[in-house]
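Engineer: Starting off with a structure, shown below.
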Amino acid sequence: MTAEPTVREAIVHKSGGKARLYIFGAAAILLIVGALFSESLCPYDPYLQNLDVALQQPSAAHIFGTDRYGRDMLSRVIAGSRASIFSTFLLVAIITVVGTAVGVFCGWARGRADDLLMRVSDLCLAFPGLVFALAVAGILGGGLHNAVLALAAISWPKYARIARSQTLAVRETTYLKAAMLAGCSTTQLIVKHILPNIAGPILVTAMLDIGTMMMELAGLSFLGLGAKPPTAEWGSMMSETRGLLQTVPWAVFAPGVAIFVAVMAFNLLGDAVRDYMDPKMRGR
Amino acid sequence: MTTPILQAQSLKKIFTRDGQSDFLAVDGVSFDISAGECVGLIGESGSGKSTVANMIARLLDSTEGRILLDGEDVTDAEARKIFRTVQMIFQSPQESFDPRRTLGDGIGESLLNVGQSRAEVREEVGRLLEAVGLSPGFAERYPHEVSGGQCQRAAIARAIAIEPKLLICDEATSALDVTVQAEIVALLLRLMRERGMACLFICHDIALAQDFCDRLLVMHKGKIVEEGTPDEIIQSPKQAYTKMLIESVL
């Protein structure tokens with residue numbers, strides 16, 4: 001045993017998790033910027049079919065090979081990042097805002113409205129999420145927007161729970177009493193004192209949820225309830241090519257790796273943010 | 001005779017808890033406070049002192065009884081309807097300031113809420129900090145960056161900002177060590193004289209209340225058991241409970 005810290009220890013402990021925050025933050029930003037400029041990054045038109053080059057193996061011209069219509073897989077993976085990443089962001093933004101609003105309302109108002117909304121959220125939490133989302137997406141019909149709505153309908157209660165318990169804790173604090181005696185209205189109490197004090201855990205949960213939600217959206221798309229062909233989206237791309245798994249594995253492989261990399265990057269970033277926000281880790 | 005600043009009439013507070021018997025915290029408490037008068041409310045932990053304070057400051061609803069401020073019934077009013085008249089200083093200074101906002105934000109909040117401009121408030125906060133013996137630079141500090149004594153001075157500045165007629169000090173010095181305690185009490189006394197504020201001084205230390213107050217109320221198990229000037233109470237306590245309180249500190 002040596003006293004020398006391993007590289008991992010040095011990164012995790014010496015810097016109080018800051019190094020990880022920067023590394024995965026940079027990775028996430030890279031993915032986002034890539035998604036933003038996906039059109040100009042694609043080497044080929046992701047929707048151009050060319051049956052002459054169908055099902056080609058990975059080569060210098062087509063790094064990830066081509067699919068059965070001869071579309072360049074690399075271009076489709078890059079083009080698909082926009083649908084996958086931004087619809088995930090939209091979804092997480094919706095559930096964060098809606099969940100927080102419901103939670104703060106319940107924690108503040110309490111009483112019957114609180115009971116009712118919390119029972120609804122219990123129902124959502126007790127129900128298998130993807131099954132519910134399948135049902136909602138089935139009723140609303142396919143399409144990426146409906147998939148986002150379906151997942152939002154089942155995923156907001158986690159945030160409502162956190163926001164509610166935090167609001168209940170903050171409303172009992174002395175500083176909130178002091179703010180009441182400073183003449184603050186209910187709106188002012190919530191906006192100036194409660195929201196800033198409960199934002200930390202909610203934002204961390206949102207960061208950690210980006211990866212999960214990306215998986216679930218890809219899952220819905222894979223099942224044919226998300227993005228519709230020919231739209232490039234990672235989940236639906238895997239679905240389109242899954243029959244070819246044994247003959248042209250790279251066609252399934254490329255979007256799979258893309259999902260894996262993006263989910264990992266956002267999950268690890270969420271972890272890093274959580275550790276960074278933890279007051280015990282601060283100032284180390 | 002002029003109307004007292006505060007009239008508390010048969011205040012009662014029952015806490016109802018799920019699955020447990022109701023708890024009678026305050027049982028028919030009545031007293032008046034005149035303009036500029038300092039009244040001490042003393043008693044052991046759990047005697048209902050803070051509950052009385054919170055009901056008067058309208059941070060807690062009373063179960064029964066009436067509260068009149070300047071002759072006006074405020075029994076069911078919200079805290080923000082009476083904050084111009086009543087302000088409160090809390091026991092733990094650091095916890096009484098929002099951890100995400102500066103002391104200056106906290107001190108100036110009531111002034112902003114009565115419509116003063118940000119520039120006016122900033123100047124006034126500086127003056128208030130000087131009045132409580134802190135430099136104006138403290139306005140930029142956060143509660144965790146200052147000591148308990150400094151934070152309690154800032155809390156006093158916050159309480160007097162709006163120039164209330166009644167200041168409730170709920171164990172305002174209990175969380176501080178003895179030397180700081182003496183400074184804070186001296187500061188409070190000076191400010192009250194200068195500004196003619198009445199004070200409800202809640203405290204478990206009868207010796208401290210004796211120096212500070214014009215009149216003492218002794219509270220025990222939710223009731224006021226004895227009332228009089230500090231001299232009367234300390235020289236010739238009528239109740240065994242009061243004797244016990246005196247003996248415990250003298």
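Each chain in the structure tokens gets a letter, A, B, ..., in the order shown, and its residues are numbered from 1; ligands are numbered from 1 in order too.
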Could you name the residues that touch Pro58 in chain A at 10 Å or less, counting only C-alpha atoms, but leaving out those on the same chain fewer than 4 positions away, as a PyMOL selection string?
Structural biologist: chain A and resi 62-66+72-74+248+250-251
Engineer: Restricting the output to all heavy atoms, write the selected residues as a short mmCIF file (atom, residue, chain, number, x, y, z; two decimals), in the first residue's frame.
Structural biologist:
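Once everything was written out, this is out24.cif:
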```cif
data_model
loop_
_atom_site.label_atom_id
_atom_site.label_comp_id
_atom_site.auth_asym_id
_atom_site.auth_seq_id
_atom_site.Cartn_x
_atom_site.Cartn_y
_atom_site.Cartn_z
N HIS A 62 -17.75 6.09 -44.98
CA HIS A 62 -18.89 6.01 -44.05
C HIS A 62 -18.42 5.35 -42.75
O HIS A 62 -18.38 4.13 -42.64
CB HIS A 62 -20.02 5.17 -44.66
CG HIS A 62 -20.51 5.70 -45.96
ND1 HIS A 62 -21.36 6.79 -46.05
CD2 HIS A 62 -20.27 5.33 -47.25
CE1 HIS A 62 -21.62 7.04 -47.32
NE2 HIS A 62 -20.96 6.17 -48.07
N ILE A 63 -18.03 6.16 -41.79
CA ILE A 63 -17.38 5.64 -40.58
C ILE A 63 -18.27 4.64 -39.85
O ILE A 63 -17.79 3.65 -39.32
CB ILE A 63 -16.98 6.81 -39.65
CG1 ILE A 63 -15.92 7.65 -40.35
CG2 ILE A 63 -16.40 6.29 -38.33
CD1 ILE A 63 -15.60 8.95 -39.67
N PHE A 64 -19.57 4.94 -39.79
CA PHE A 64 -20.49 4.02 -39.12
C PHE A 64 -21.24 3.13 -40.12
O PHE A 64 -22.23 2.50 -39.79
CB PHE A 64 -21.52 4.78 -38.28
CG PHE A 64 -20.95 5.33 -37.00
CD1 PHE A 64 -21.51 6.44 -36.39
CD2 PHE A 64 -19.85 4.72 -36.39
CE1 PHE A 64 -20.99 6.94 -35.21
CE2 PHE A 64 -19.32 5.22 -35.22
CZ PHE A 64 -19.89 6.34 -34.62
N GLY A 65 -20.81 3.14 -41.37
CA GLY A 65 -21.49 2.35 -42.38
C GLY A 65 -22.76 3.02 -42.87
O GLY A 65 -22.99 4.21 -42.62
N THR A 66 -23.58 2.27 -43.59
CA THR A 66 -24.84 2.81 -44.10
C THR A 66 -25.97 1.86 -43.76
O THR A 66 -25.74 0.69 -43.45
CB THR A 66 -24.80 2.96 -45.64
OG1 THR A 66 -24.52 1.68 -46.20
CG2 THR A 66 -23.74 3.96 -46.07
N ASP A 72 -26.12 7.51 -44.77
CA ASP A 72 -24.90 7.47 -43.98
C ASP A 72 -25.26 7.48 -42.49
O ASP A 72 -25.92 8.40 -42.00
CB ASP A 72 -24.03 8.70 -44.30
CG ASP A 72 -22.78 8.74 -43.44
OD1 ASP A 72 -22.10 7.70 -43.35
OD2 ASP A 72 -22.51 9.79 -42.85
N MET A 73 -24.83 6.45 -41.74
CA MET A 73 -25.23 6.33 -40.33
C MET A 73 -24.65 7.43 -39.47
O MET A 73 -25.29 7.93 -38.55
CB MET A 73 -24.81 4.95 -39.78
CG MET A 73 -25.70 3.81 -40.24
SD MET A 73 -27.46 4.13 -40.04
CE MET A 73 -27.66 3.92 -38.30
N LEU A 74 -23.40 7.83 -39.76
CA LEU A 74 -22.80 8.90 -38.96
C LEU A 74 -23.64 10.18 -39.07
O LEU A 74 -23.95 10.83 -38.07
CB LEU A 74 -21.36 9.17 -39.43
CG LEU A 74 -20.66 10.33 -38.72
CD1 LEU A 74 -20.48 10.02 -37.23
CD2 LEU A 74 -19.32 10.65 -39.35
N VAL A 248 -25.99 -6.77 -40.20
CA VAL A 248 -25.27 -5.49 -40.25
C VAL A 248 -25.31 -4.82 -38.87
O VAL A 248 -26.00 -3.84 -38.68
CB VAL A 248 -25.84 -4.53 -41.33
CG1 VAL A 248 -25.20 -4.78 -42.66
CG2 VAL A 248 -27.33 -4.65 -41.42
N TRP A 250 -23.49 -2.86 -37.23
CA TRP A 250 -23.09 -1.46 -37.04
C TRP A 250 -24.27 -0.49 -37.15
O TRP A 250 -24.27 0.55 -36.53
CB TRP A 250 -21.99 -1.07 -38.03
CG TRP A 250 -22.38 -1.27 -39.48
CD1 TRP A 250 -23.06 -0.39 -40.26
CD2 TRP A 250 -22.15 -2.41 -40.28
NE1 TRP A 250 -23.27 -0.91 -41.50
CE2 TRP A 250 -22.72 -2.16 -41.56
CE3 TRP A 250 -21.51 -3.64 -40.06
CZ2 TRP A 250 -22.68 -3.08 -42.59
CZ3 TRP A 250 -21.46 -4.54 -41.09
CH2 TRP A 250 -22.04 -4.27 -42.34
N ALA A 251 -25.27 -0.88 -37.92
CA ALA A 251 -26.41 0.02 -38.10
C ALA A 251 -27.19 0.19 -36.79
O ALA A 251 -27.78 1.24 -36.53
CB ALA A 251 -27.34 -0.51 -39.19
#
```
Engineer: I'd like the neighbourhood of His145 in chain A as a PyMOL selection string, where a residue qualifies if any of its atoms comes within 12 Å (using only C-alpha atoms), though same-chain residues fewer than 6 positions away should be ignored.
Structural biologist: chain A and resi 83-84+86-88+90-91+136-137+151-152+217+220-221+225-228
Engineer: Specify as a PyMOL selection string all residues of chain A found within 8 Å of chain B, counting only C-alpha atoms.
Structural biologist: chain A and resi 173-185+193+196-197
Engineer: Quick one: residues within 10 Å of Val249 in chain B, only C-alpha atoms counted, chain neighbours fewer than 3 positions away excluded, as a VMD selection string?
Structural biologist: chain B and resid 204 to 208 244 to 246
Engineer: Please list as a ChimeraX atom specification every residue within 10 Å of Val97 in chain A, counting only C-alpha atoms and excluding residues in the same chain fewer than 3 positions away.
Structural biologist: /A:92-94,100-103,156,159-160,202
Engineer: Just to be explicit: take each residue in the selection above, keep C-alpha atoms, and write the result as a compact mmCIF listing (two decimals), in the first residue's frame.
Structural biologist:
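What follows is the written file part_16.txt:
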```
# COMPACT_ATOMS: atom_id res chain seq x y z
CA VAL A 92 -37.08 17.79 -18.15
CA ALA A 93 -37.92 21.52 -18.24
CA ILE A 94 -41.66 20.76 -18.32
CA THR A 100 -42.14 22.49 -8.61
CA ALA A 101 -45.24 24.64 -9.08
CA VAL A 102 -47.53 21.86 -7.85
CA GLY A 103 -45.21 21.03 -4.94
CA TRP A 156 -43.76 15.38 -12.63
CA TYR A 159 -40.47 17.05 -8.38
CA ALA A 160 -43.77 17.85 -6.69
CA ILE A 202 -34.69 20.38 -7.45
```
Engineer: How many Å lie between CA of Val29 in chain B and CA of Gln9 in chain B, rounded to one decimal?
Structural biologist: 6.6 Å
Engineer: Expressed in Å to a single decimal, how great is the separation between CA of Leu51 in chain A and CA of Arg82 in chain A?
Structural biologist: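 Atom-to-atom, CA of Leu51 in chain A and CA of Arg82 in chain A are spaced 25.6 Å apart.
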Engineer: Got a sec: who's within 6 Å of range 38-49 of chain A, counting only C-alpha atoms, leaving out chain neighbours fewer than 4 positions off, as a short mmCIF file (atom, residue, chain, number, x, y, z; two decimals) with N, CA and C atoms, in the first residue's frame?
Structural biologist:
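Result written to result-v3.cif:
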```
data_model
loop_
_atom_site.label_atom_id
_atom_site.label_comp_id
_atom_site.auth_asym_id
_atom_site.auth_seq_id
_atom_site.Cartn_x
_atom_site.Cartn_y
_atom_site.Cartn_z
N GLY A 34 -23.03 20.38 -30.54
CA GLY A 34 -23.10 19.47 -31.68
C GLY A 34 -24.52 19.33 -32.19
N TYR A 69 -31.19 1.80 -46.68
CA TYR A 69 -31.51 2.72 -47.77
C TYR A 69 -30.27 3.45 -48.26
N GLY A 70 -29.12 3.05 -47.74
CA GLY A 70 -27.88 3.69 -48.16
C GLY A 70 -27.65 5.04 -47.51
N ARG A 71 -28.36 5.31 -46.42
CA ARG A 71 -28.13 6.60 -45.74
C ARG A 71 -26.92 6.46 -44.83
N SER A 75 -24.05 10.50 -40.31
CA SER A 75 -24.86 11.70 -40.50
C SER A 75 -26.18 11.58 -39.76
N ARG A 76 -26.76 10.37 -39.80
CA ARG A 76 -28.05 10.20 -39.13
C ARG A 76 -27.90 10.28 -37.61
N ILE A 78 -25.65 12.07 -36.05
CA ILE A 78 -25.45 13.49 -35.72
C ILE A 78 -26.79 14.24 -35.83
N ALA A 79 -27.51 13.98 -36.92
CA ALA A 79 -28.79 14.67 -37.10
C ALA A 79 -29.77 14.28 -36.00
#
```
Engineer: Which of range 37-243 of chain A end up as helix (DSSP H, G or I) when DSSP is run on this backbone - answer as a ChimeraX atom specification?
Structural biologist: /A:38-41,51-53,73-109,111-126,129-140,144-155,157-171,174-180,186-222,234-243
Engineer: Would you mind listing what lies within 12 Å of Leu11 in chain B as a list in words, with only C-alpha atoms counted and same-chain residues fewer than 6 positions away left out?
Structural biologist: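 In the requested form, the answer reads Leu24, Ala25, Val26, Asp27, Gly28, Val29, Ser30, Phe31, Gly48, Lys49, Thr51, Val52, Ala53, Asn54, Met55, Ile56, Leu60, Asp61, Ser62, Thr63, Glu64, Gly65, Arg66, Ile67, Leu68, Thr75, Gly222, Lys223 and Ile224 of chain B.
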Engineer: Show which residues sit within 8 Å of range 203-211 of chain A, as number ranges by chain. Count only C-alpha atoms, and ignore same-chain residues fewer than 2 positions away.
Structural biologist: A: 88-89, 92, 96, 159, 199-201, 213-215, 262-264, 266-267, 269-271, 273-274, 277
Engineer: Expressed in Å to a single decimal, how great is the separation between CA of Gly141 in chain A and CA of Val77 in chain A?
Structural biologist: 24.8 Å
Engineer: Point out the residue among A:Arg112, A:Arg242, A:Arg20, A:Arg119 with the least atom-to-atom distance to Arg161 in chain A, counting only C-alpha atoms.
Structural biologist: A:Arg119
Engineer: As a PyMOL selection string, please: all residues of range 10-117 of chain B that backbone DSSP puts in strand (DSSP E or B).
Structural biologist: chain B and resi 10-15+23-33+38-42+64-69+72-73+86-89
